[in-house]
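**Q** Got entry-v2.pdb for you, PDB, C-alpha atoms:
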MODEL        1
ATOM      1  CA  MET A   1       3.996   2.534 -27.068
ATOM      2  CA  ASP A   2       4.234   6.247 -27.861
ATOM      3  CA  LYS A   3       6.491   8.636 -26.020
ATOM      4  CA  PRO A   4       5.429   8.837 -22.324
ATOM      5  CA  LEU A   5       3.292  11.794 -21.266
ATOM      6  CA  TYR A   6       5.188  12.269 -18.002
ATOM      7  CA  LYS A   7       8.336  10.634 -16.709
ATOM      8  CA  GLY A   8      11.133  11.086 -14.192
ATOM      9  CA  GLU A   9      11.031  14.387 -12.303
ATOM     10  CA  GLU A  10       7.953  15.537 -14.259
ATOM     11  CA  ILE A  11       5.791  12.899 -12.558
ATOM     12  CA  LYS A  12       5.981  15.040  -9.398
ATOM     13  CA  LYS A  13       3.543  17.451 -11.046
ATOM     14  CA  LEU A  14       0.893  14.698 -10.876
ATOM     15  CA  LEU A  15       1.631  13.227  -7.447
ATOM     16  CA  ASN A  16       2.206  14.673  -3.978
ATOM     17  CA  GLN A  17       4.161  11.638  -2.758
ATOM     18  CA  ARG A  18       7.938  12.071  -2.623
ATOM     19  CA  ALA A  19      10.968   9.891  -1.907
ATOM     20  CA  PRO A  20      11.104   7.325  -0.425
ATOM     21  CA  ILE A  21       7.475   6.514  -1.217
ATOM     22  CA  LEU A  22       7.030   7.861  -4.768
ATOM     23  CA  MET A  23       6.021   4.628  -6.583
ATOM     24  CA  VAL A  24       5.224   5.704 -10.153
ATOM     25  CA  ASP A  25       7.945   6.983 -12.480
ATOM     26  CA  THR A  26       6.124   7.076 -15.830
ATOM     27  CA  LEU A  27       2.672   7.965 -17.153
ATOM     28  CA  TYR A  28       2.472   6.368 -20.608
ATOM     29  CA  GLU A  29      -1.109   6.911 -21.724
ATOM     30  CA  VAL A  30      -4.339   8.446 -20.512
ATOM     31  CA  SER A  31      -7.816   7.701 -21.855
ATOM     32  CA  ASP A  32     -11.235   8.968 -20.768
ATOM     33  CA  ASN A  33     -11.525   6.330 -18.084
ATOM     34  CA  GLY A  34      -8.036   5.182 -17.246
ATOM     35  CA  ALA A  35      -4.299   5.290 -17.599
ATOM     36  CA  THR A  36      -1.189   3.199 -18.106
ATOM     37  CA  THR A  37       1.754   3.802 -15.798
ATOM     38  CA  GLY A  38       5.116   2.314 -14.995
ATOM     39  CA  LEU A  39       7.770   1.885 -12.332
ATOM     40  CA  THR A  40      11.286   0.538 -12.595
ATOM     41  CA  ILE A  41      12.193  -1.114  -9.301
ATOM     42  CA  GLU A  42      15.550   0.216  -8.171
ATOM     43  CA  ALA A  43      17.738  -1.881  -5.857
ATOM     44  CA  ASP A  44      17.186   0.581  -2.978
ATOM     45  CA  ASN A  45      13.386   0.839  -3.317
ATOM     46  CA  PHE A  46      11.734   1.462   0.072
ATOM     47  CA  PHE A  47       9.412  -1.541  -0.394
ATOM     48  CA  ASN A  48      12.131  -4.077  -1.243
ATOM     49  CA  LEU A  49      12.877  -6.909   1.139
ATOM     50  CA  ASP A  50      15.600  -9.444   0.350
ATOM     51  CA  GLY A  51      15.765  -8.206  -3.256
ATOM     52  CA  GLN A  52      12.020  -8.567  -3.848
ATOM     53  CA  PHE A  53       9.443  -5.802  -4.283
ATOM     54  CA  THR A  54       6.755  -6.563  -1.701
ATOM     55  CA  GLU A  55       2.937  -6.602  -1.713
ATOM     56  CA  PRO A  56       2.530  -3.211   0.061
ATOM     57  CA  GLY A  57       4.749  -1.722  -2.659
ATOM     58  CA  LEU A  58       2.508  -3.175  -5.373
ATOM     59  CA  ILE A  59      -0.587  -1.741  -3.674
ATOM     60  CA  GLU A  60       1.041   1.691  -3.248
ATOM     61  CA  HIS A  61       2.101   1.629  -6.912
ATOM     62  CA  MET A  62      -1.482   0.825  -7.995
ATOM     63  CA  ALA A  63      -2.925   3.593  -5.784
ATOM     64  CA  GLN A  64      -0.453   6.149  -7.123
ATOM     65  CA  SER A  65      -1.230   5.039 -10.686
ATOM     66  CA  ALA A  66      -4.866   6.020 -10.105
ATOM     67  CA  SER A  67      -3.721   9.178  -8.312
ATOM     68  CA  ALA A  68      -1.590  10.119 -11.347
ATOM     69  CA  PHE A  69      -4.695   9.774 -13.554
ATOM     70  CA  VAL A  70      -6.662  12.053 -11.200
ATOM     71  CA  GLY A  71      -3.742  14.510 -11.051
ATOM     72  CA  TYR A  72      -3.388  14.530 -14.840
ATOM     73  CA  ASN A  73      -7.066  15.409 -15.280
ATOM     74  CA  ALA A  74      -6.936  18.114 -12.581
ATOM     75  CA  ILE A  75      -4.047  19.809 -14.364
ATOM     76  CA  LYS A  76      -5.574  19.451 -17.848
ATOM     77  CA  SER A  77      -9.067  20.580 -16.922
ATOM     78  CA  ASN A  78      -8.442  23.571 -14.690
ATOM     79  CA  SER A  79      -4.676  23.863 -14.281
ATOM     80  CA  SER A  80      -4.993  23.334 -10.541
ATOM     81  CA  ALA A  81      -2.380  21.451  -8.533
ATOM     82  CA  ALA A  82      -2.755  17.679  -8.311
ATOM     83  CA  PRO A  83      -4.889  16.786  -5.249
ATOM     84  CA  VAL A  84      -3.582  14.609  -2.413
ATOM     85  CA  GLY A  85      -5.134  11.135  -2.689
ATOM     86  CA  TYR A  86      -5.668   8.543   0.033
ATOM     87  CA  ILE A  87      -6.573   4.867  -0.217
ATOM     88  CA  GLY A  88     -10.075   4.419   1.204
ATOM     89  CA  GLU A  89     -10.551   0.739   0.522
ATOM     90  CA  ILE A  90      -8.827  -2.222  -1.136
ATOM     91  CA  LYS A  91     -10.917  -5.142  -2.388
ATOM     92  CA  ASN A  92     -10.009  -8.450  -3.995
ATOM     93  CA  PHE A  93      -6.258  -7.870  -4.086
ATOM     94  CA  LYS A  94      -4.612 -10.939  -5.577
ATOM     95  CA  LEU A  95      -0.933 -11.673  -5.860
ATOM     96  CA  ALA A  96      -0.920 -13.815  -9.010
ATOM     97  CA  GLY A  97       2.509 -15.372  -8.835
ATOM     98  CA  ARG A  98       5.918 -14.394  -7.605
ATOM     99  CA  LEU A  99       6.857 -10.979  -6.321
ATOM    100  CA  PRO A 100       8.786  -8.750  -8.749
ATOM    101  CA  LYS A 101      12.459  -8.174  -8.048
ATOM    102  CA  ALA A 102      14.893  -5.290  -8.262
ATOM    103  CA  GLY A 103      15.437  -4.324 -11.913
ATOM    104  CA  ASP A 104      11.942  -5.386 -13.034
ATOM    105  CA  LYS A 105       9.738  -2.882 -14.860
ATOM    106  CA  LEU A 106       6.128  -2.754 -13.672
ATOM    107  CA  LEU A 107       3.448  -1.817 -16.195
ATOM    108  CA  THR A 108       0.063  -0.987 -14.714
ATOM    109  CA  THR A 109      -3.370  -0.320 -16.164
ATOM    110  CA  VAL A 110      -5.937   1.489 -14.024
ATOM    111  CA  THR A 111      -9.562   1.691 -15.153
ATOM    112  CA  VAL A 112     -12.077   3.968 -13.473
ATOM    113  CA  GLN A 113     -15.353   2.171 -12.685
ATOM    114  CA  SER A 114     -17.205   5.061 -11.068
ATOM    115  CA  VAL A 115     -16.721   8.445  -9.449
ATOM    116  CA  VAL A 116     -18.990   9.499  -6.575
ATOM    117  CA  MET A 117     -18.265  12.878  -5.013
ATOM    118  CA  ASN A 118     -14.545  12.794  -4.202
ATOM    119  CA  ILE A 119     -14.218   8.997  -4.273
ATOM    120  CA  THR A 120     -12.946   7.200  -7.363
ATOM    121  CA  LEU A 121     -13.528   3.450  -7.657
ATOM    122  CA  PHE A 122     -11.075   1.784 -10.010
ATOM    123  CA  THR A 123      -9.587  -1.550 -10.971
ATOM    124  CA  ALA A 124      -5.855  -2.050 -11.377
ATOM    125  CA  GLU A 125      -3.692  -4.730 -12.954
ATOM    126  CA  THR A 126       0.086  -4.791 -12.754
ATOM    127  CA  LYS A 127       2.292  -6.803 -15.127
ATOM    128  CA  THR A 128       5.962  -7.442 -15.709
ATOM    129  CA  GLY A 129       6.292  -8.200 -19.425
ATOM    130  CA  ASP A 130       3.280 -10.380 -20.287
ATOM    131  CA  THR A 131       2.916 -11.817 -16.798
ATOM    132  CA  THR A 132       0.252 -10.533 -14.418
ATOM    133  CA  VAL A 133       1.774  -9.806 -11.024
ATOM    134  CA  ALA A 134      -1.222  -8.523  -9.080
ATOM    135  CA  SER A 135      -4.688  -7.031  -9.431
ATOM    136  CA  CYS A 136      -7.225  -5.311  -7.190
ATOM    137  CA  GLN A 137     -10.155  -2.941  -6.875
ATOM    138  CA  MET A 138      -9.585   0.228  -4.914
ATOM    139  CA  LYS A 139     -11.346   3.334  -3.683
ATOM    140  CA  LEU A 140      -9.255   6.472  -3.802
ATOM    141  CA  SER A 141     -10.344   9.569  -1.826
ATOM    142  CA  VAL A 142      -9.111  12.952  -2.998
TER     143      VAL A 142
ATOM    144  CA  MET B   1      14.476  -2.074   3.062
ATOM    145  CA  LEU B   2      10.977  -2.829   4.133
ATOM    146  CA  GLN B   3      11.056  -3.948   7.749
ATOM    147  CA  LEU B   4       9.020  -1.634   9.936
ATOM    148  CA  ASN B   5       9.489  -3.221  13.370
ATOM    149  CA  ASP B   6      11.933  -1.179  15.500
ATOM    150  CA  LYS B   7      11.960   1.600  12.874
ATOM    151  CA  TYR B   8       8.451   2.683  11.902
ATOM    152  CA  PHE B   9       6.915   1.183  15.020
ATOM    153  CA  SER B  10       8.120  -0.435  18.222
ATOM    154  CA  VAL B  11       6.265  -3.031  20.273
ATOM    155  CA  VAL B  12       5.073  -1.694  23.646
ATOM    156  CA  SER B  13       3.339  -4.898  24.691
ATOM    157  CA  LYS B  14       1.827  -8.046  23.257
ATOM    158  CA  GLU B  15      -0.643 -10.574  24.557
ATOM    159  CA  GLY B  16      -2.655 -13.474  23.218
ATOM    160  CA  ALA B  17      -2.507 -17.146  22.522
ATOM    161  CA  ASP B  18      -3.828 -19.726  20.082
ATOM    162  CA  ASN B  19      -5.450 -17.672  17.332
ATOM    163  CA  THR B  20      -6.058 -14.267  18.886
ATOM    164  CA  PHE B  21      -3.414 -11.644  19.551
ATOM    165  CA  LYS B  22      -3.162  -7.989  20.534
ATOM    166  CA  TYR B  23      -0.098  -5.846  19.873
ATOM    167  CA  ARG B  24       0.263  -2.377  21.370
ATOM    168  CA  LEU B  25       2.638  -0.365  19.196
ATOM    169  CA  HIS B  26       4.336   3.013  19.447
ATOM    170  CA  LEU B  27       4.552   4.927  16.150
ATOM    171  CA  ASN B  28       7.785   6.705  15.248
ATOM    172  CA  ALA B  29       6.786  10.070  13.754
ATOM    173  CA  SER B  30      10.356  10.736  12.570
ATOM    174  CA  HIS B  31      10.541   7.645  10.336
ATOM    175  CA  GLU B  32      11.924   8.413   6.847
ATOM    176  CA  VAL B  33       8.668   7.497   5.068
ATOM    177  CA  TYR B  34       7.064  10.712   6.393
ATOM    178  CA  LYS B  35       9.545  12.776   4.363
ATOM    179  CA  GLY B  36       7.507  11.709   1.353
ATOM    180  CA  HIS B  37       4.027  11.040   2.783
ATOM    181  CA  PHE B  38       3.577  13.927   2.729
ATOM    182  CA  PRO B  39       6.247  16.662   2.931
ATOM    183  CA  GLY B  40       5.350  18.767   5.995
ATOM    184  CA  ASN B  41       2.179  16.719   6.539
ATOM    185  CA  PRO B  42       2.925  13.319   8.116
ATOM    186  CA  ILE B  43       0.171  10.765   7.443
ATOM    187  CA  SER B  44       0.740   7.056   7.968
ATOM    188  CA  PRO B  45       0.576   5.357   4.554
ATOM    189  CA  GLY B  46      -2.231   2.787   4.334
ATOM    190  CA  VAL B  47       0.216   0.286   2.895
ATOM    191  CA  CYS B  48       2.452   0.689   5.975
ATOM    192  CA  SER B  49      -0.581  -0.278   8.095
ATOM    193  CA  ILE B  50      -0.924  -3.419   5.949
ATOM    194  CA  GLN B  51       2.785  -4.183   6.406
ATOM    195  CA  THR B  52       2.411  -3.585  10.163
ATOM    196  CA  ILE B  53      -0.406  -6.178  10.273
ATOM    197  CA  ARG B  54       1.781  -8.606   8.300
ATOM    198  CA  GLU B  55       4.767  -8.146  10.645
ATOM    199  CA  CYS B  56       2.572  -8.701  13.722
ATOM    200  CA  CYS B  57       1.222 -11.925  12.127
ATOM    201  CA  GLU B  58       4.794 -13.034  11.400
ATOM    202  CA  ASP B  59       5.746 -12.388  15.017
ATOM    203  CA  ALA B  60       2.695 -14.283  16.290
ATOM    204  CA  LEU B  61       3.264 -17.285  14.003
ATOM    205  CA  HIS B  62       7.087 -17.240  14.057
ATOM    206  CA  ASN B  63       7.102 -17.453  10.252
ATOM    207  CA  ARG B  64       7.692 -15.216   7.255
ATOM    208  CA  LEU B  65       4.379 -14.692   5.412
ATOM    209  CA  THR B  66       3.302 -13.667   1.903
ATOM    210  CA  ILE B  67       0.090 -11.669   1.447
ATOM    211  CA  ARG B  68      -1.600 -13.845  -1.173
ATOM    212  CA  SER B  69      -4.930 -12.010  -1.234
ATOM    213  CA  ILE B  70      -6.892  -9.261   0.489
ATOM    214  CA  LYS B  71     -10.649  -9.758   0.485
ATOM    215  CA  LEU B  72     -11.261  -6.321   1.984
ATOM    216  CA  CYS B  73      -9.161  -3.669   3.673
ATOM    217  CA  ARG B  74     -10.955  -0.514   4.743
ATOM    218  CA  PHE B  75      -9.238   2.648   5.951
ATOM    219  CA  SER B  76     -11.956   4.380   7.955
ATOM    220  CA  ALA B  77      -9.867   7.178   9.487
ATOM    221  CA  LEU B  78      -6.560   8.856   8.684
ATOM    222  CA  LEU B  79      -3.766   7.835  11.031
ATOM    223  CA  THR B  80      -1.240  10.548  11.873
ATOM    224  CA  PRO B  81       1.767   9.619  14.047
ATOM    225  CA  THR B  82       2.001  13.080  15.568
ATOM    226  CA  ARG B  83      -1.600  12.988  16.850
ATOM    227  CA  CYS B  84      -1.905   9.264  17.579
ATOM    228  CA  THR B  85       1.378   7.964  18.987
ATOM    229  CA  GLU B  86       0.170   4.483  19.968
ATOM    230  CA  ILE B  87      -2.075   1.978  18.225
ATOM    231  CA  THR B  88      -3.428  -1.486  18.938
ATOM    232  CA  VAL B  89      -3.234  -4.191  16.274
ATOM    233  CA  GLY B  90      -5.819  -6.930  16.901
ATOM    234  CA  LEU B  91      -5.354 -10.240  15.083
ATOM    235  CA  SER B  92      -7.547 -13.278  14.622
ATOM    236  CA  ILE B  93      -5.639 -15.958  12.704
ATOM    237  CA  THR B  94      -7.352 -19.099  11.401
ATOM    238  CA  PRO B  95      -5.103 -21.818   9.994
ATOM    239  CA  ASN B  96      -6.266 -23.493   6.756
ATOM    240  CA  ALA B  97      -4.700 -26.433   4.908
ATOM    241  CA  ASN B  98      -2.189 -24.283   3.003
ATOM    242  CA  ASP B  99      -2.510 -20.779   4.393
ATOM    243  CA  TYR B 100      -3.987 -18.567   7.113
ATOM    244  CA  THR B 101      -7.125 -16.440   7.101
ATOM    245  CA  VAL B 102      -6.319 -13.219   8.953
ATOM    246  CA  VAL B 103      -8.907 -10.807  10.305
ATOM    247  CA  ALA B 104      -7.204  -7.752  11.766
ATOM    248  CA  ASP B 105      -7.887  -4.228  12.857
ATOM    249  CA  ILE B 106      -5.889  -1.192  13.907
ATOM    250  CA  THR B 107      -7.537   0.850  16.649
ATOM    251  CA  ASN B 108      -6.855   3.287  19.456
ATOM    252  CA  GLY B 109      -9.531   3.390  22.119
ATOM    253  CA  ASP B 110     -12.867   3.798  20.346
ATOM    254  CA  GLU B 111     -11.321   4.869  17.053
ATOM    255  CA  THR B 112     -10.853   2.332  14.237
ATOM    256  CA  PHE B 113      -8.310   3.171  11.550
ATOM    257  CA  VAL B 114      -8.043  -0.054   9.556
ATOM    258  CA  SER B 115     -10.143  -3.222   9.132
ATOM    259  CA  PHE B 116      -8.461  -6.045   7.220
ATOM    260  CA  LYS B 117      -9.408  -9.502   5.989
ATOM    261  CA  GLY B 118      -6.989 -11.479   3.881
ATOM    262  CA  THR B 119      -5.079 -14.664   3.219
ATOM    263  CA  LEU B 120      -1.438 -15.001   4.186
ATOM    264  CA  GLU B 121       0.830 -17.858   3.142
ATOM    265  CA  ARG B 122       3.858 -19.273   4.844
ATOM    266  CA  GLN B 123       6.990 -18.472   2.788
TER     267      GLN B 123
ENDMDL
END
Show me the file's structure as structure tokens.

**A**
Amino acid sequence: MDKPLYKGEEIKKLLNQRAPILMVDTLYEVSDNGATTGLTIEADNFFNLDGQFTEPGLIEHMAQSASAFVGYNAIKSNSSAAPVGYIGEIKNFKLAGRLPKAGDKLLTTVTVQSVVMNITLFTAETKTGDTTVASCQMKLSV
Amino acid sequence: MLQLNDKYFSVVSKEGADNTFKYRLHLNASHEVYKGHFPGNPISPGVCSIQTIRECCEDALHNRLTIRSIKLCRFSALLTPTRCTEITVGLSITPNANDYTVVADITNGDETFVSFKGTLERQ
């Protein structure tokens, strides 16, 4: 993969969430209809329980991955600040196998299916290495 | 560490039996998550509502549970802990052979914030 587009502190330009709930640390790639993002799960992550990264954390990470895509486009197209995004709906979330654990690196692909007014419908899939961890469809309101 | 009971919310009262339960919860507007969601603008994260539903199910069933799937979870209104200090979590839990089907909502009076349907597994 090429050099990330945004990482570390820079990701805060794309997202309004802050510690302890900032759940994307890297934006790797952006295409016309989607993005690839990442998160390294630190030992003190807010969503950890007994050393595992939990389902709400996965969902928040997926939502912020889509939000980072929306934020990236807002900045590129008209240099405005990244909008605040809210989850409107989650559909067909599936936890494929085991929960990730502290130290794991999540790699997530979000693909926009449609945009109607201020609502973006997208699909998301999160992997660790080659293993799918979770997937879902989501509506994000901005 | 993700455990919201007694930190993010506290239980005011609970009632129910068999498969139907109601939890009345007080929301703690000074919980640390609001430092980041969002700075100066506290809004309850949707995923914390999902975790709240999970923790109420765990309390009702006296078991730790994994969220295996969510068929649909709709957030129909923004929940802000400064404006809405108490919520009701309603649960309908149907046991299956290997897991539970959970239909839940988060309301206050006539206002519905969250509607949830999913499958939770005993850990």

**Q** If you take all atoms listed in the file and a cut-off of 12 Å, which residues of chain B touch chain A, and what are their nearest atom pairs and distances in Å to one decimal, in chain and number order, as JSON lines?

**A**
{"residue": "B:Met1", "atom": "CA", "partner": "A:Asn48", "partner_atom": "CA", "distance": 5.3}
{"residue": "B:Leu2", "atom": "CA", "partner": "A:Phe47", "partner_atom": "CA", "distance": 5.0}
{"residue": "B:Gln3", "atom": "CA", "partner": "A:Leu49", "partner_atom": "CA", "distance": 7.5}
{"residue": "B:Leu4", "atom": "CA", "partner": "A:Phe47", "partner_atom": "CA", "distance": 10.3}
{"residue": "B:His31", "atom": "CA", "partner": "A:Pro20", "partner_atom": "CA", "distance": 10.8}
{"residue": "B:Glu32", "atom": "CA", "partner": "A:Pro20", "partner_atom": "CA", "distance": 7.4}
{"residue": "B:Val33", "atom": "CA", "partner": "A:Pro20", "partner_atom": "CA", "distance": 6.0}
{"residue": "B:Tyr34", "atom": "CA", "partner": "A:Pro20", "partner_atom": "CA", "distance": 8.6}
{"residue": "B:Lys35", "atom": "CA", "partner": "A:Ala19", "partner_atom": "CA", "distance": 7.0}
{"residue": "B:Gly36", "atom": "CA", "partner": "A:Arg18", "partner_atom": "CA", "distance": 4.0}
{"residue": "B:His37", "atom": "CA", "partner": "A:Gln17", "partner_atom": "CA", "distance": 5.6}
{"residue": "B:Phe38", "atom": "CA", "partner": "A:Gln17", "partner_atom": "CA", "distance": 6.0}
{"residue": "B:Pro39", "atom": "CA", "partner": "A:Arg18", "partner_atom": "CA", "distance": 7.4}
{"residue": "B:Gly40", "atom": "CA", "partner": "A:Arg18", "partner_atom": "CA", "distance": 11.2}
{"residue": "B:Asn41", "atom": "CA", "partner": "A:Asn16", "partner_atom": "CA", "distance": 10.7}
{"residue": "B:Pro42", "atom": "CA", "partner": "A:Gln17", "partner_atom": "CA", "distance": 11.1}
{"residue": "B:Ile43", "atom": "CA", "partner": "A:Tyr86", "partner_atom": "CA", "distance": 9.7}
{"residue": "B:Ser44", "atom": "CA", "partner": "A:Tyr86", "partner_atom": "CA", "distance": 10.3}
{"residue": "B:Pro45", "atom": "CA", "partner": "A:Tyr86", "partner_atom": "CA", "distance": 8.3}
{"residue": "B:Gly46", "atom": "CA", "partner": "A:Ile87", "partner_atom": "CA", "distance": 6.6}
{"residue": "B:Val47", "atom": "CA", "partner": "A:Pro56", "partner_atom": "CA", "distance": 5.1}
{"residue": "B:Cys48", "atom": "CA", "partner": "A:Pro56", "partner_atom": "CA", "distance": 7.1}
{"residue": "B:Ser49", "atom": "CA", "partner": "A:Pro56", "partner_atom": "CA", "distance": 9.1}
{"residue": "B:Ile50", "atom": "CA", "partner": "A:Pro56", "partner_atom": "CA", "distance": 6.8}
{"residue": "B:Gln51", "atom": "CA", "partner": "A:Pro56", "partner_atom": "CA", "distance": 6.4}
{"residue": "B:Thr52", "atom": "CA", "partner": "A:Pro56", "partner_atom": "CA", "distance": 10.1}
{"residue": "B:Ile53", "atom": "CA", "partner": "A:Pro56", "partner_atom": "CA", "distance": 11.0}
{"residue": "B:Arg54", "atom": "CA", "partner": "A:Pro56", "partner_atom": "CA", "distance": 9.9}
{"residue": "B:Glu55", "atom": "CA", "partner": "A:Pro56", "partner_atom": "CA", "distance": 11.9}
{"residue": "B:Arg64", "atom": "CA", "partner": "A:Leu49", "partner_atom": "CA", "distance": 11.5}
{"residue": "B:Leu65", "atom": "CA", "partner": "A:Glu55", "partner_atom": "CA", "distance": 10.9}
{"residue": "B:Thr66", "atom": "CA", "partner": "A:Glu55", "partner_atom": "CA", "distance": 7.9}
{"residue": "B:Ile67", "atom": "CA", "partner": "A:Glu55", "partner_atom": "CA", "distance": 6.6}
{"residue": "B:Arg68", "atom": "CA", "partner": "A:Leu95", "partner_atom": "CA", "distance": 5.2}
{"residue": "B:Ser69", "atom": "CA", "partner": "A:Lys94", "partner_atom": "CA", "distance": 4.5}
{"residue": "B:Ile70", "atom": "CA", "partner": "A:Phe93", "partner_atom": "CA", "distance": 4.8}
{"residue": "B:Lys71", "atom": "CA", "partner": "A:Asn92", "partner_atom": "CA", "distance": 4.7}
{"residue": "B:Leu72", "atom": "CA", "partner": "A:Lys91", "partner_atom": "CA", "distance": 4.5}
{"residue": "B:Cys73", "atom": "CA", "partner": "A:Ile90", "partner_atom": "CA", "distance": 5.0}
{"residue": "B:Arg74", "atom": "CA", "partner": "A:Glu89", "partner_atom": "CA", "distance": 4.4}
{"residue": "B:Phe75", "atom": "CA", "partner": "A:Gly88", "partner_atom": "CA", "distance": 5.1}
{"residue": "B:Ser76", "atom": "CA", "partner": "A:Gly88", "partner_atom": "CA", "distance": 7.0}
{"residue": "B:Ala77", "atom": "CA", "partner": "A:Gly88", "partner_atom": "CA", "distance": 8.7}
{"residue": "B:Leu78", "atom": "CA", "partner": "A:Tyr86", "partner_atom": "CA", "distance": 8.7}
{"residue": "B:Leu79", "atom": "CA", "partner": "A:Tyr86", "partner_atom": "CA", "distance": 11.2}
{"residue": "B:Phe113", "atom": "CA", "partner": "A:Gly88", "partner_atom": "CA", "distance": 10.6}
{"residue": "B:Val114", "atom": "CA", "partner": "A:Glu89", "partner_atom": "CA", "distance": 9.4}
{"residue": "B:Ser115", "atom": "CA", "partner": "A:Glu89", "partner_atom": "CA", "distance": 9.5}
{"residue": "B:Phe116", "atom": "CA", "partner": "A:Ile90", "partner_atom": "CA", "distance": 9.2}
{"residue": "B:Lys117", "atom": "CA", "partner": "A:Lys91", "partner_atom": "CA", "distance": 9.6}
{"residue": "B:Gly118", "atom": "CA", "partner": "A:Phe93", "partner_atom": "CA", "distance": 8.8}
{"residue": "B:Thr119", "atom": "CA", "partner": "A:Lys94", "partner_atom": "CA", "distance": 9.6}
{"residue": "B:Leu120", "atom": "CA", "partner": "A:Leu95", "partner_atom": "CA", "distance": 10.6}
{"residue": "B:Glu121", "atom": "CA", "partner": "A:Leu95", "partner_atom": "CA", "distance": 11.1}
{"residue": "B:Gln123", "atom": "CA", "partner": "A:Arg98", "partner_atom": "CA", "distance": 11.2}

**Q** Carefully work through the PyMOL selection byres ((chain B and resi 109-111) around 9) for this structure and note down the residues it includes, as a list in words.

**A**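 Those residues are Ala77, Ile87, Thr88, Ile106, Thr107, Asn108, Thr112 and Phe113 of chain B.
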
**Q** Residues within 7 Å of B:Leu91, please, as a short mmCIF file (atom, residue, chain, number, x, y, z; two decimals) with C-alpha atoms, keeping the file's coordinate frame. Count only C-alpha atoms; anything in the same chain fewer than 6 positions from it doesn't count.

**A**
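Contents of around-v6.cif, as written:
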data_model
loop_
_atom_site.label_atom_id
_atom_site.label_comp_id
_atom_site.auth_asym_id
_atom_site.auth_seq_id
_atom_site.Cartn_x
_atom_site.Cartn_y
_atom_site.Cartn_z
CA THR B 20 -6.06 -14.27 18.89
CA PHE B 21 -3.41 -11.64 19.55
CA LYS B 22 -3.16 -7.99 20.53
CA VAL B 102 -6.32 -13.22 8.95
CA VAL B 103 -8.91 -10.81 10.30
CA ALA B 104 -7.20 -7.75 11.77
CA ASP B 105 -7.89 -4.23 12.86
#

**Q** Got a sec: who's within 9 Å of B:Arg24, counting only C-alpha atoms, leaving out chain neighbours fewer than 5 positions off, as number ranges by chain?

**A** B: 10-15, 86-90

**Q** Could you tell me, as JSON, numbers by chain, exactly which residues end up selected when the PyMOL selection byres ((chain A and resi 130) around 12) is applied to this structure?

**A** {"A": [105, 106, 107, 108, 125, 126, 127, 128, 129, 131, 132, 133]}

**Q** Put those residues in a file: C-alpha atoms, as a tab-separated table (two decimals), in the frame of the given file.

**A**
chain	number	residue	atom	x	y	z
A	105	LYS	CA	9.74	-2.88	-14.86
A	106	LEU	CA	6.13	-2.75	-13.67
A	107	LEU	CA	3.45	-1.82	-16.20
A	108	THR	CA	0.06	-0.99	-14.71
A	125	GLU	CA	-3.69	-4.73	-12.95
A	126	THR	CA	0.09	-4.79	-12.75
A	127	LYS	CA	2.29	-6.80	-15.13
A	128	THR	CA	5.96	-7.44	-15.71
A	129	GLY	CA	6.29	-8.20	-19.42
A	131	THR	CA	2.92	-11.82	-16.80
A	132	THR	CA	0.25	-10.53	-14.42
A	133	VAL	CA	1.77	-9.81	-11.02

**Q** Write out as an mmCIF file with C-alpha atoms, keeping the file's coordinate frame which residues come within 8 Å of A:Ile119 when counting all atoms listed in the file, dropping same-chain ones fewer than 5 positions away.

**A**
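Once everything was written out, this is selection-v6.cif:
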data_model
loop_
_atom_site.group_PDB
_atom_site.id
_atom_site.type_symbol
_atom_site.label_atom_id
_atom_site.label_comp_id
_atom_site.auth_asym_id
_atom_site.auth_seq_id
_atom_site.Cartn_x
_atom_site.Cartn_y
_atom_site.Cartn_z
ATOM 1 C CA LYS A 139 -11.346 3.334 -3.683
ATOM 2 C CA LEU A 140 -9.255 6.472 -3.802
ATOM 3 C CA SER A 141 -10.344 9.569 -1.826
ATOM 4 C CA VAL A 142 -9.111 12.952 -2.998
#

**Q** So the first atom is atom CA of A:Leu27 and the second is atom CA of A:Ala74; what is the distance between them in Å, to one decimal place?

**A**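 We find that atom CA of A:Leu27 and atom CA of A:Ala74 lie 14.7 Å from each other.
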
**Q** Using all atoms listed in the file for the distances, tell me which of A:Lys13, A:Thr36, A:Gly85, A:Val115 is nearest to A:Tyr72.

**A**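 Using all atoms listed in the file, the shortest distance to A:Tyr72 belongs to A:Lys13.
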
**Q** Just to confirm, what's the straight-line distance from atom CA of A:His61 to atom CA of A:Met23 in Å (one decimal)?

**A**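 If I compute the distance from atom CA of A:His61 to atom CA of A:Met23, I get 4.9 Å.
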
**Q** Could you tell me how far atom CA of A:Tyr6 lies from atom CA of A:Ser31, in Å and to one decimal?

**A**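 If I compute the distance from atom CA of A:Tyr6 to atom CA of A:Ser31, I get 14.3 Å.
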
**Q** Considering all atoms listed in the file, return as number ranges by chain whatever protein or nucleic-acid residues lie within 9 Å of A:Phe69, sequence-local ones (same chain, fewer than 3 positions apart) excluded.

**A** A: 14, 27, 30, 33-36, 64-66, 72-74, 110

**Q** Using the file's own x, y and z axes, what box holds all listed atoms of stretch 47-51 of chain B with 3 Å on each side, keeping edges along x, y and z, and what are its centre and edge lengths in Å to one decimal, as JSON?

**A**
{"center_x": 0.9, "center_y": -1.7, "center_z": 5.5, "size_x": 9.7, "size_y": 10.9, "size_z": 11.2}

**Q** Run the PyMOL selection byres ((chain A and resi 113) around 9) against the file shown and list the residues it catches, as a PyMOL selection string.

**A** chain A and resi 33+111-112+114-115+120-123

**Q** I need every residue sitting at most 7 Å from the point (4.2, 6.2, 13.0) (coordinates as in the file, all atoms listed in the file considered), written as a list in words.

**A** Tyr8, Phe9, Leu27, Asn28, Ala29, Ser44, Pro81 and Thr85 of chain B
